[in-house]
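Asks: You'll find run-v4.pdb just under this line, and it carries PDB, C-alpha atoms.
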MODEL        1
ATOM      1  CA  MET L 517      41.572-163.608 -65.124
ATOM      2  CA  ASP L 518      40.401-160.378 -63.571
ATOM      3  CA  SER L 519      37.517-159.296 -65.746
ATOM      4  CA  PHE L 520      35.371-157.507 -63.196
ATOM      5  CA  GLU L 521      36.084-154.663 -60.791
ATOM      6  CA  VAL L 522      34.093-152.831 -58.131
ATOM      7  CA  ALA L 523      35.225-149.413 -56.922
ATOM      8  CA  GLY L 524      33.464-147.828 -53.970
ATOM      9  CA  ARG L 525      33.267-144.138 -53.085
ATOM     10  CA  ARG L 526      31.013-141.903 -51.041
ATOM     11  CA  GLN L 527      29.142-138.756 -51.998
ATOM     12  CA  GLU L 528      27.602-137.113 -48.952
ATOM     13  CA  LYS L 529      25.601-139.948 -47.328
ATOM     14  CA  VAL L 530      25.334-142.035 -50.483
ATOM     15  CA  GLU L 531      27.620-144.991 -51.181
ATOM     16  CA  ILE L 532      28.445-145.401 -54.853
ATOM     17  CA  LEU L 533      29.693-148.671 -56.336
ATOM     18  CA  ALA L 534      31.137-148.239 -59.825
ATOM     19  CA  ILE L 535      31.262-151.608 -61.563
ATOM     20  CA  LYS L 536      33.406-152.447 -64.554
ATOM     21  CA  GLY L 537      33.859-155.363 -66.952
ATOM     22  CA  TYR L 538      31.946-158.629 -67.066
ATOM     23  CA  LEU L 539      29.451-159.536 -64.358
ATOM     24  CA  ASP L 540      28.549-163.231 -64.531
ATOM     25  CA  ALA L 541      28.199-166.205 -62.174
ATOM     26  CA  HIS L 542      31.972-166.216 -61.690
ATOM     27  CA  THR L 543      32.416-162.544 -60.851
ATOM     28  CA  ALA L 544      29.077-161.939 -59.063
ATOM     29  CA  PRO L 545      30.587-162.797 -55.629
ATOM     30  CA  SER L 546      32.778-159.639 -55.887
ATOM     31  CA  LEU L 547      29.672-157.466 -56.128
ATOM     32  CA  GLU L 548      28.026-159.511 -53.395
ATOM     33  CA  ASN L 549      31.009-158.897 -51.077
ATOM     34  CA  ALA L 550      31.005-155.157 -51.808
ATOM     35  CA  LEU L 551      27.264-154.902 -51.045
ATOM     36  CA  GLN L 552      27.654-157.077 -47.954
ATOM     37  CA  GLU L 553      30.359-154.748 -46.614
ATOM     38  CA  LEU L 554      28.054-151.743 -46.999
ATOM     39  CA  VAL L 555      25.108-153.498 -45.366
ATOM     40  CA  THR L 556      27.294-154.746 -42.511
ATOM     41  CA  ALA L 557      28.418-151.139 -41.960
ATOM     42  CA  GLU L 558      24.720-150.160 -41.961
ATOM     43  CA  LYS L 559      25.075-148.103 -45.140
ATOM     44  CA  TYR L 560      21.728-148.419 -46.836
ATOM     45  CA  GLN L 561      21.774-145.583 -49.381
ATOM     46  CA  ILE L 562      23.484-147.221 -52.306
ATOM     47  CA  VAL L 563      23.921-146.339 -55.971
ATOM     48  CA  ILE L 564      25.405-148.820 -58.447
ATOM     49  CA  ASN L 565      26.941-147.138 -61.493
ATOM     50  CA  PHE L 566      26.917-149.420 -64.566
ATOM     51  CA  LYS L 567      28.758-147.023 -66.905
ATOM     52  CA  ASP L 568      31.791-149.269 -67.473
ATOM     53  CA  LEU L 569      29.957-152.580 -67.308
ATOM     54  CA  ALA L 570      30.197-154.456 -70.612
ATOM     55  CA  TYR L 571      28.166-157.534 -69.750
ATOM     56  CA  ILE L 572      25.694-158.828 -67.172
ATOM     57  CA  SER L 573      24.000-162.188 -66.698
ATOM     58  CA  SER L 574      21.192-163.040 -64.304
ATOM     59  CA  ALA L 575      23.780-163.912 -61.636
ATOM     60  CA  GLY L 576      24.496-160.168 -61.328
ATOM     61  CA  LEU L 577      20.815-159.305 -61.098
ATOM     62  CA  GLY L 578      20.400-162.045 -58.516
ATOM     63  CA  VAL L 579      22.964-160.354 -56.261
ATOM     64  CA  ILE L 580      21.010-157.089 -56.299
ATOM     65  CA  MET L 581      17.765-158.982 -55.652
ATOM     66  CA  GLY L 582      19.420-160.645 -52.685
ATOM     67  CA  PHE L 583      20.075-157.325 -50.922
ATOM     68  CA  ILE L 584      17.261-155.017 -51.970
ATOM     69  CA  GLU L 585      14.688-156.237 -49.462
ATOM     70  CA  ASN L 586      17.009-155.889 -46.471
ATOM     71  CA  VAL L 587      18.226-152.460 -47.624
ATOM     72  CA  ARG L 588      14.659-151.189 -48.132
ATOM     73  CA  ASP L 589      13.595-152.580 -44.768
ATOM     74  CA  HIS L 590      16.187-150.245 -43.273
ATOM     75  CA  GLY L 591      14.760-147.217 -45.086
ATOM     76  CA  GLY L 592      17.363-147.260 -47.849
ATOM     77  CA  ASP L 593      17.500-148.335 -51.472
ATOM     78  CA  ILE L 594      19.826-149.627 -54.168
ATOM     79  CA  LYS L 595      19.477-147.296 -57.137
ATOM     80  CA  LEU L 596      20.931-148.218 -60.508
ATOM     81  CA  CYS L 597      22.309-145.805 -63.104
ATOM     82  CA  GLU L 598      24.167-145.215 -66.375
ATOM     83  CA  MET L 599      23.391-148.573 -68.002
ATOM     84  CA  ASN L 600      24.128-149.023 -71.690
ATOM     85  CA  ALA L 601      21.292-150.289 -73.899
ATOM     86  CA  LYS L 602      22.407-153.933 -73.816
ATOM     87  CA  ILE L 603      22.609-154.047 -70.040
ATOM     88  CA  TYR L 604      19.286-152.244 -69.656
ATOM     89  CA  ARG L 605      17.611-154.769 -71.940
ATOM     90  CA  VAL L 606      18.557-157.640 -69.616
ATOM     91  CA  PHE L 607      16.952-155.783 -66.690
ATOM     92  CA  ASP L 608      13.941-155.007 -68.858
ATOM     93  CA  LEU L 609      13.452-158.631 -69.990
ATOM     94  CA  LEU L 610      13.176-159.642 -66.341
ATOM     95  CA  GLY L 611      10.790-156.843 -65.416
ATOM     96  CA  PHE L 612      13.281-155.090 -63.138
ATOM     97  CA  PRO L 613      12.496-151.499 -64.184
ATOM     98  CA  LYS L 614       9.140-151.872 -62.407
ATOM     99  CA  ILE L 615      10.774-152.834 -59.148
ATOM    100  CA  TYR L 616      14.063-150.905 -59.201
ATOM    101  CA  ASP L 617      14.858-147.228 -59.534
ATOM    102  CA  ILE L 618      16.990-146.922 -62.686
ATOM    103  CA  THR L 619      18.246-143.483 -63.782
ATOM    104  CA  ASP L 620      20.297-142.236 -66.718
ATOM    105  CA  LYS L 621      22.764-140.205 -64.696
ATOM    106  CA  GLU L 622      24.515-140.913 -61.403
ATOM    107  CA  ALA L 623      23.806-137.395 -60.111
ATOM    108  CA  GLU L 624      20.094-138.026 -60.586
ATOM    109  CA  ALA L 625      20.257-141.250 -58.539
ATOM    110  CA  VAL L 626      22.215-139.528 -55.743
ATOM    111  CA  LYS L 627      19.806-136.597 -55.734
ATOM    112  CA  LYS L 628      16.851-138.915 -55.161
ATOM    113  CA  PHE L 629      18.320-139.904 -51.795
ATOM    114  CA  ASN L 630      18.806-136.280 -50.808
ATOM    115  CA  SER L 631      15.394-135.022 -51.825
TER     116      SER L 631
ATOM    117  CA  MET O1295      17.886-179.959-100.486
ATOM    118  CA  GLU O1296      21.638-179.779-100.135
ATOM    119  CA  THR O1297      22.601-178.970 -96.581
ATOM    120  CA  HIS O1298      25.510-176.841 -95.439
ATOM    121  CA  LYS O1299      25.305-177.704 -91.777
ATOM    122  CA  GLN O1300      28.515-177.113 -89.870
ATOM    123  CA  THR O1301      29.046-178.467 -86.399
ATOM    124  CA  TYR O1302      31.357-177.173 -83.677
ATOM    125  CA  ARG O1303      31.925-178.795 -80.327
ATOM    126  CA  LEU O1304      33.345-177.722 -76.976
ATOM    127  CA  LYS O1305      33.722-180.001 -73.980
ATOM    128  CA  ILE O1306      34.777-178.016 -70.958
ATOM    129  CA  PRO O1307      34.909-178.481 -67.168
ATOM    130  CA  GLY O1308      31.771-177.120 -65.495
ATOM    131  CA  GLU O1309      33.347-174.255 -63.558
ATOM    132  CA  THR O1310      32.219-170.634 -63.441
ATOM    133  CA  GLU O1311      35.712-169.451 -64.405
ATOM    134  CA  ASN O1312      35.115-171.080 -67.815
ATOM    135  CA  LEU O1313      31.980-169.037 -68.562
ATOM    136  CA  GLU O1314      34.031-166.294 -70.202
ATOM    137  CA  LEU O1315      35.724-168.855 -72.473
ATOM    138  CA  ILE O1316      32.359-170.439 -73.335
ATOM    139  CA  ARG O1317      30.951-167.007 -74.253
ATOM    140  CA  SER O1318      33.967-166.255 -76.466
ATOM    141  CA  PHE O1319      33.596-169.604 -78.265
ATOM    142  CA  VAL O1320      29.881-169.126 -78.898
ATOM    143  CA  SER O1321      30.230-165.476 -79.852
ATOM    144  CA  HIS O1322      32.993-166.268 -82.360
ATOM    145  CA  ILE O1323      30.944-168.967 -84.073
ATOM    146  CA  ALA O1324      27.803-166.815 -84.173
ATOM    147  CA  GLN O1325      29.893-164.050 -85.731
ATOM    148  CA  MET O1326      31.264-166.461 -88.373
ATOM    149  CA  GLY O1327      27.686-167.550 -89.013
ATOM    150  CA  GLY O1328      26.789-163.979 -89.949
ATOM    151  CA  PHE O1329      24.646-162.915 -86.999
ATOM    152  CA  ASP O1330      24.562-159.224 -86.142
ATOM    153  CA  GLU O1331      25.971-157.824 -82.909
ATOM    154  CA  ASP O1332      22.564-157.735 -81.241
ATOM    155  CA  ASP O1333      21.824-161.413 -81.898
ATOM    156  CA  ILE O1334      25.357-162.457 -80.947
ATOM    157  CA  TYR O1335      24.824-160.807 -77.557
ATOM    158  CA  LYS O1336      21.530-162.653 -77.085
ATOM    159  CA  ILE O1337      23.042-166.021 -78.032
ATOM    160  CA  GLU O1338      26.063-165.433 -75.784
ATOM    161  CA  LEU O1339      23.872-164.535 -72.806
ATOM    162  CA  ALA O1340      21.480-167.473 -73.345
ATOM    163  CA  VAL O1341      24.409-169.927 -73.408
ATOM    164  CA  ASP O1342      25.978-168.300 -70.343
ATOM    165  CA  GLU O1343      22.668-168.689 -68.455
ATOM    166  CA  ALA O1344      22.283-172.342 -69.474
ATOM    167  CA  CYS O1345      25.861-173.221 -68.501
ATOM    168  CA  ALA O1346      25.692-171.256 -65.227
ATOM    169  CA  ASN O1347      22.540-173.228 -64.376
ATOM    170  CA  VAL O1348      24.369-176.505 -65.043
ATOM    171  CA  ILE O1349      27.266-175.474 -62.794
ATOM    172  CA  LYS O1350      25.039-174.179 -60.003
ATOM    173  CA  HIS O1351      22.167-176.642 -60.015
ATOM    174  CA  ALA O1352      23.241-179.815 -61.825
ATOM    175  CA  TYR O1353      26.840-179.984 -60.617
ATOM    176  CA  LYS O1354      26.326-178.006 -57.399
ATOM    177  CA  GLY O1355      29.949-176.849 -57.473
ATOM    178  CA  ARG O1356      31.449-180.285 -58.235
ATOM    179  CA  LYS O1357      34.359-179.400 -60.451
ATOM    180  CA  LYS O1358      35.514-182.293 -62.589
ATOM    181  CA  GLU O1359      32.339-182.841 -64.598
ATOM    182  CA  ASN O1360      32.155-181.526 -68.123
ATOM    183  CA  ILE O1361      29.629-179.443 -69.980
ATOM    184  CA  ASP O1362      29.186-180.513 -73.577
ATOM    185  CA  LEU O1363      28.316-177.797 -76.103
ATOM    186  CA  VAL O1364      27.447-178.581 -79.700
ATOM    187  CA  ILE O1365      26.763-175.701 -82.076
ATOM    188  CA  GLU O1366      25.187-176.399 -85.441
ATOM    189  CA  ILE O1367      24.974-173.701 -88.090
ATOM    190  CA  ASP O1368      22.531-174.378 -90.870
ATOM    191  CA  PHE O1369      21.526-172.088 -93.735
ATOM    192  CA  ASN O1370      18.780-170.403 -91.725
ATOM    193  CA  LYS O1371      19.595-170.968 -88.070
ATOM    194  CA  LEU O1372      22.074-171.634 -85.303
ATOM    195  CA  THR O1373      21.293-174.371 -82.785
ATOM    196  CA  ILE O1374      23.145-174.926 -79.532
ATOM    197  CA  ILE O1375      22.780-178.169 -77.626
ATOM    198  CA  ILE O1376      24.092-178.112 -74.076
ATOM    199  CA  THR O1377      24.287-181.412 -72.244
ATOM    200  CA  ASP O1378      25.293-182.029 -68.658
ATOM    201  CA  GLN O1379      25.883-185.147 -66.624
ATOM    202  CA  GLY O1380      23.889-183.842 -63.701
ATOM    203  CA  VAL O1381      20.884-184.777 -61.644
ATOM    204  CA  GLY O1382      18.076-183.539 -63.918
ATOM    205  CA  PHE O1383      15.048-181.506 -62.886
ATOM    206  CA  ASP O1384      11.311-181.264 -63.333
ATOM    207  CA  VAL O1385      11.087-179.217 -66.551
ATOM    208  CA  ASP O1386       7.378-178.367 -66.280
ATOM    209  CA  LYS O1387       7.759-177.011 -62.773
ATOM    210  CA  ILE O1388      10.442-174.537 -63.865
ATOM    211  CA  LEU O1389       8.928-173.523 -67.215
ATOM    212  CA  ASN O1390       5.497-172.773 -65.834
ATOM    213  CA  ARG O1391       6.718-170.487 -63.092
ATOM    214  CA  ASP O1392       4.919-167.158 -62.963
ATOM    215  CA  MET O1393       7.732-164.606 -63.328
ATOM    216  CA  LYS O1394       5.642-161.677 -62.084
ATOM    217  CA  GLU O1395       4.853-163.422 -58.855
ATOM    218  CA  TYR O1396       8.421-164.712 -58.630
ATOM    219  CA  LEU O1397       9.915-161.227 -58.935
ATOM    220  CA  ALA O1398       7.372-159.780 -56.531
ATOM    221  CA  GLN O1399       8.578-162.240 -53.926
ATOM    222  CA  MET O1400      12.156-161.041 -54.556
ATOM    223  CA  LYS O1401      13.455-164.566 -54.827
ATOM    224  CA  VAL O1402      17.113-164.918 -55.736
ATOM    225  CA  GLY O1403      18.146-167.024 -58.714
ATOM    226  CA  GLY O1404      16.026-168.944 -61.205
ATOM    227  CA  LEU O1405      15.997-166.017 -63.625
ATOM    228  CA  GLY O1406      18.215-167.773 -66.159
ATOM    229  CA  ILE O1407      15.603-169.982 -67.797
ATOM    230  CA  HIS O1408      13.235-167.049 -68.190
ATOM    231  CA  LEU O1409      16.016-165.090 -69.908
ATOM    232  CA  ILE O1410      16.920-167.990 -72.209
ATOM    233  CA  LYS O1411      13.300-168.233 -73.339
ATOM    234  CA  SER O1412      13.176-164.476 -73.990
ATOM    235  CA  LEU O1413      16.466-164.353 -75.900
ATOM    236  CA  MET O1414      16.205-167.379 -78.179
ATOM    237  CA  ASP O1415      13.560-168.281 -80.814
ATOM    238  CA  ASP O1416      13.090-171.944 -79.844
ATOM    239  CA  VAL O1417      14.067-173.546 -76.555
ATOM    240  CA  GLU O1418      13.613-177.174 -75.608
ATOM    241  CA  PHE O1419      14.568-178.840 -72.337
ATOM    242  CA  LYS O1420      14.891-182.589 -72.023
ATOM    243  CA  SER O1421      15.307-183.723 -68.462
ATOM    244  CA  GLN O1422      14.007-186.148 -65.898
ATOM    245  CA  PRO O1423      14.845-186.013 -62.196
ATOM    246  CA  GLY O1424      17.938-188.193 -61.708
ATOM    247  CA  GLU O1425      19.061-188.039 -65.340
ATOM    248  CA  LYS O1426      21.194-185.750 -67.462
ATOM    249  CA  THR O1427      19.691-182.605 -68.949
ATOM    250  CA  GLU O1428      19.804-181.468 -72.554
ATOM    251  CA  VAL O1429      18.962-177.888 -73.484
ATOM    252  CA  ARG O1430      18.493-177.228 -77.176
ATOM    253  CA  MET O1431      18.082-173.612 -78.254
ATOM    254  CA  THR O1432      17.795-172.101 -81.690
ATOM    255  CA  LYS O1433      18.233-168.640 -83.160
ATOM    256  CA  TYR O1434      17.049-167.992 -86.696
ATOM    257  CA  PHE O1435      18.676-165.559 -89.083
ATOM    258  CA  VAL O1436      16.420-162.556 -89.483
ATOM    259  CA  LYS O1437      16.368-160.663 -92.743
ATOM    260  CA  ASP O1438      14.110-157.672 -93.470
ATOM    261  CA  GLY O1439      12.151-158.350 -90.291
ATOM    262  CA  LYS O1440      11.324-161.923 -91.334
ATOM    263  CA  ILE O1441      12.720-165.056 -89.832
ATOM    264  CA  GLU O1442      14.444-166.927 -92.656
ATOM    265  CA  GLY O1443      13.012-170.377 -93.245
ATOM    266  CA  LYS O1444      11.180-170.740 -89.921
ATOM    267  CA  GLN O1445       7.986-172.728 -90.238
ATOM    268  CA  SER O1446       5.065-170.979 -88.645
ATOM    269  CA  ASN O1447       2.424-172.893 -86.723
ATOM    270  CA  GLU O1448      -0.084-170.118 -87.162
TER     271      GLU O1448
ENDMDL
END
Have the structure of the file written as structure tokens, please.
Replies:
Amino acid sequence: MDSFEVAGRRQEKVEILAIKGYLDAHTAPSLENALQELVTAEKYQIVINFKDLAYISSAGLGVIMGFIENVRDHGGDIKLCEMNAKIYRVFDLLGFPKIYDITDKEAEAVKKFNS
Amino acid sequence: METHKQTYRLKIPGETENLELIRSFVSHIAQMGGFDEDDIYKIELAVDEACANVIKHAYKGRKKENIDLVIEIDFNKLTIIITDQGVGFDVDKILNRDMKEYLAQMKVGGLGIHLIKSLMDDVEFKSQPGEKTEVRMTKYFVKDGKIEGKQSNE
């Protein structure tokens, strides 16, 4: 069953990962691999677009937590955007909006890296 | 009082690939029970977190062991009892964790129990190191902003 997809693209110096479907403990390794590839290639300006994500459990949040420190240590960030209300609530319940940069629109997240 | 309790049961191998099936099962029953979309999502996520914890921590990737889910729908609430055959854990140690400090340290994992407690109305863990764990969580039907039939301790 293929219920989760990650599609990567680049906009100027920013790497964008568009995620789609259901992100749980089973599918989280796909996101982990995609982030690992970027970090291995020393790409530290990352935006994750949640527009087509229908579901997230803490396993998905755990993946982002696992990379953020390393990425920030290298002067970059993982910015999150375009979450629907249900997804945002999961981040909110765990206090993530205080620690992570979450924007409504992808363009806004990309712009923050360029400003 | 006459009771209308209905019980549903699912026994399923503790593998992450079954999480989607577990969520569908729980979501379907919560829907039949009359919960709204918002509560169904909360129940689904809480069960996912509890089962993912069993697979990751209790079974540590061992495949053939089952997770046992019992869902009881009563007139005012839905209760889910999840039992594993795992190694148990120190409940107090996990429940008393300071989430603010935990997040500040950027530690991976361990977020599930905090989420379960936020999403459900009552949550009870029964576990001892070396023994199986039972998680019992309840969601009450809410009507007009009031929880139907829940006894208040206040």
Asks: Name the residues that the PyMOL selection byres ((chain L) within 8 of (chain O)) picks from the file above, as a PyMOL selection string, using the file's chain letters and numbers.
Replies: chain L and resi 540-542+573-575+578-579+581-582+585+606+609-611
Asks: I need the residue set behind the PyMOL selection byres ((chain O and resi 1307) around 9) for this file; please write it as a PyMOL selection string.
Replies: chain O and resi 1305-1306+1308-1309+1312+1357-1362
Asks: Would you save the residues of that selection, restricted to C-alpha atoms, as a PDB file, in the frame of the given file?
Replies:
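Wrote part-v1.pdb, looks like this:
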ATOM      1  CA  LYS O1305      33.722-180.001 -73.980  1.00  0.00           C
ATOM      2  CA  ILE O1306      34.777-178.016 -70.958  1.00  0.00           C
ATOM      3  CA  GLY O1308      31.771-177.120 -65.495  1.00  0.00           C
ATOM      4  CA  GLU O1309      33.347-174.255 -63.558  1.00  0.00           C
ATOM      5  CA  ASN O1312      35.115-171.080 -67.815  1.00  0.00           C
ATOM      6  CA  LYS O1357      34.359-179.400 -60.451  1.00  0.00           C
ATOM      7  CA  LYS O1358      35.514-182.293 -62.589  1.00  0.00           C
ATOM      8  CA  GLU O1359      32.339-182.841 -64.598  1.00  0.00           C
ATOM      9  CA  ASN O1360      32.155-181.526 -68.123  1.00  0.00           C
ATOM     10  CA  ILE O1361      29.629-179.443 -69.980  1.00  0.00           C
ATOM     11  CA  ASP O1362      29.186-180.513 -73.577  1.00  0.00           C
TER      12      ASP O1362
END
Asks: Skip Tyr571 of chain L itself and residues of its chain fewer than 5 positions away, then list as a list in words all residues within 10 Å of it, counting all atoms listed in the file.
Replies: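 Surrounding residues, per the criterion: Phe520, Lys536, Gly537, Tyr538, Leu539, Asp540, Phe566, Gly576, Asn600, Lys602, Ile603 and Val606 of chain L; Tyr1335 and Leu1339 of chain O.
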Asks: When you draw a straight line from atom CA of Lys529 of chain L to atom CA of Ala625 of chain L, how long is it in Å?
Replies: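 Value for the atom CA of Lys529 of chain L-atom CA of Ala625 of chain L distance: 12.5 Å.
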Asks: Report as a JSON list (two decimals) with C-alpha atoms, keeping the file's coordinate frame the full result of the PyMOL selection byres ((chain L and resi 535) around 8) when it is applied to this structure.
Replies:
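In the end it all went to result_1.json:
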[["chain", "number", "residue", "atom", "x", "y", "z"],
["L", 520, "PHE", "CA", 35.37, -157.51, -63.20],
["L", 521, "GLU", "CA", 36.08, -154.66, -60.79],
["L", 522, "VAL", "CA", 34.09, -152.83, -58.13],
["L", 523, "ALA", "CA", 35.22, -149.41, -56.92],
["L", 533, "LEU", "CA", 29.69, -148.67, -56.34],
["L", 534, "ALA", "CA", 31.14, -148.24, -59.82],
["L", 536, "LYS", "CA", 33.41, -152.45, -64.55],
["L", 537, "GLY", "CA", 33.86, -155.36, -66.95],
["L", 564, "ILE", "CA", 25.40, -148.82, -58.45],
["L", 565, "ASN", "CA", 26.94, -147.14, -61.49],
["L", 566, "PHE", "CA", 26.92, -149.42, -64.57],
["L", 567, "LYS", "CA", 28.76, -147.02, -66.90],
["L", 568, "ASP", "CA", 31.79, -149.27, -67.47],
["L", 569, "LEU", "CA", 29.96, -152.58, -67.31]]
Asks: For Pro613 of chain L, find every residue with an atom within 10 Å (counting all atoms listed in the file), except residues of its own chain fewer than 6 positions away, and show them as a PDB file with C-alpha atoms, in the coordinates of the input.
Replies:
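Final output, around.pdb:
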ATOM      1  CA  LEU L 596      20.931-148.218 -60.508  1.00  0.00           C
ATOM      2  CA  TYR L 604      19.286-152.244 -69.656  1.00  0.00           C
ATOM      3  CA  ARG L 605      17.611-154.769 -71.940  1.00  0.00           C
ATOM      4  CA  PHE L 607      16.952-155.783 -66.690  1.00  0.00           C
ATOM      5  CA  THR L 619      18.246-143.483 -63.782  1.00  0.00           C
TER       6      THR L 619
END
Asks: Work out how far atom CA of Gly592 of chain L is from atom CA of Gln561 of chain L, in Å to one decimal.
Replies: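 These two atoms are separated by 5.0 Å.
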Asks: Between atom CA of Phe1435 of chain O and atom CA of Phe1329 of chain O, what is the distance, to one decimal in Å?
Replies: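 One can read the atom CA of Phe1435 of chain O to atom CA of Phe1329 of chain O distance as 6.9 Å.
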Asks: May I have the residues at most 7 Å from (21.5, -172.5, -86.4) in the file's coordinates, counting only C-alpha atoms, as a PyMOL selection string?
Replies: chain O and resi 1366-1368+1370-1373+1432-1434
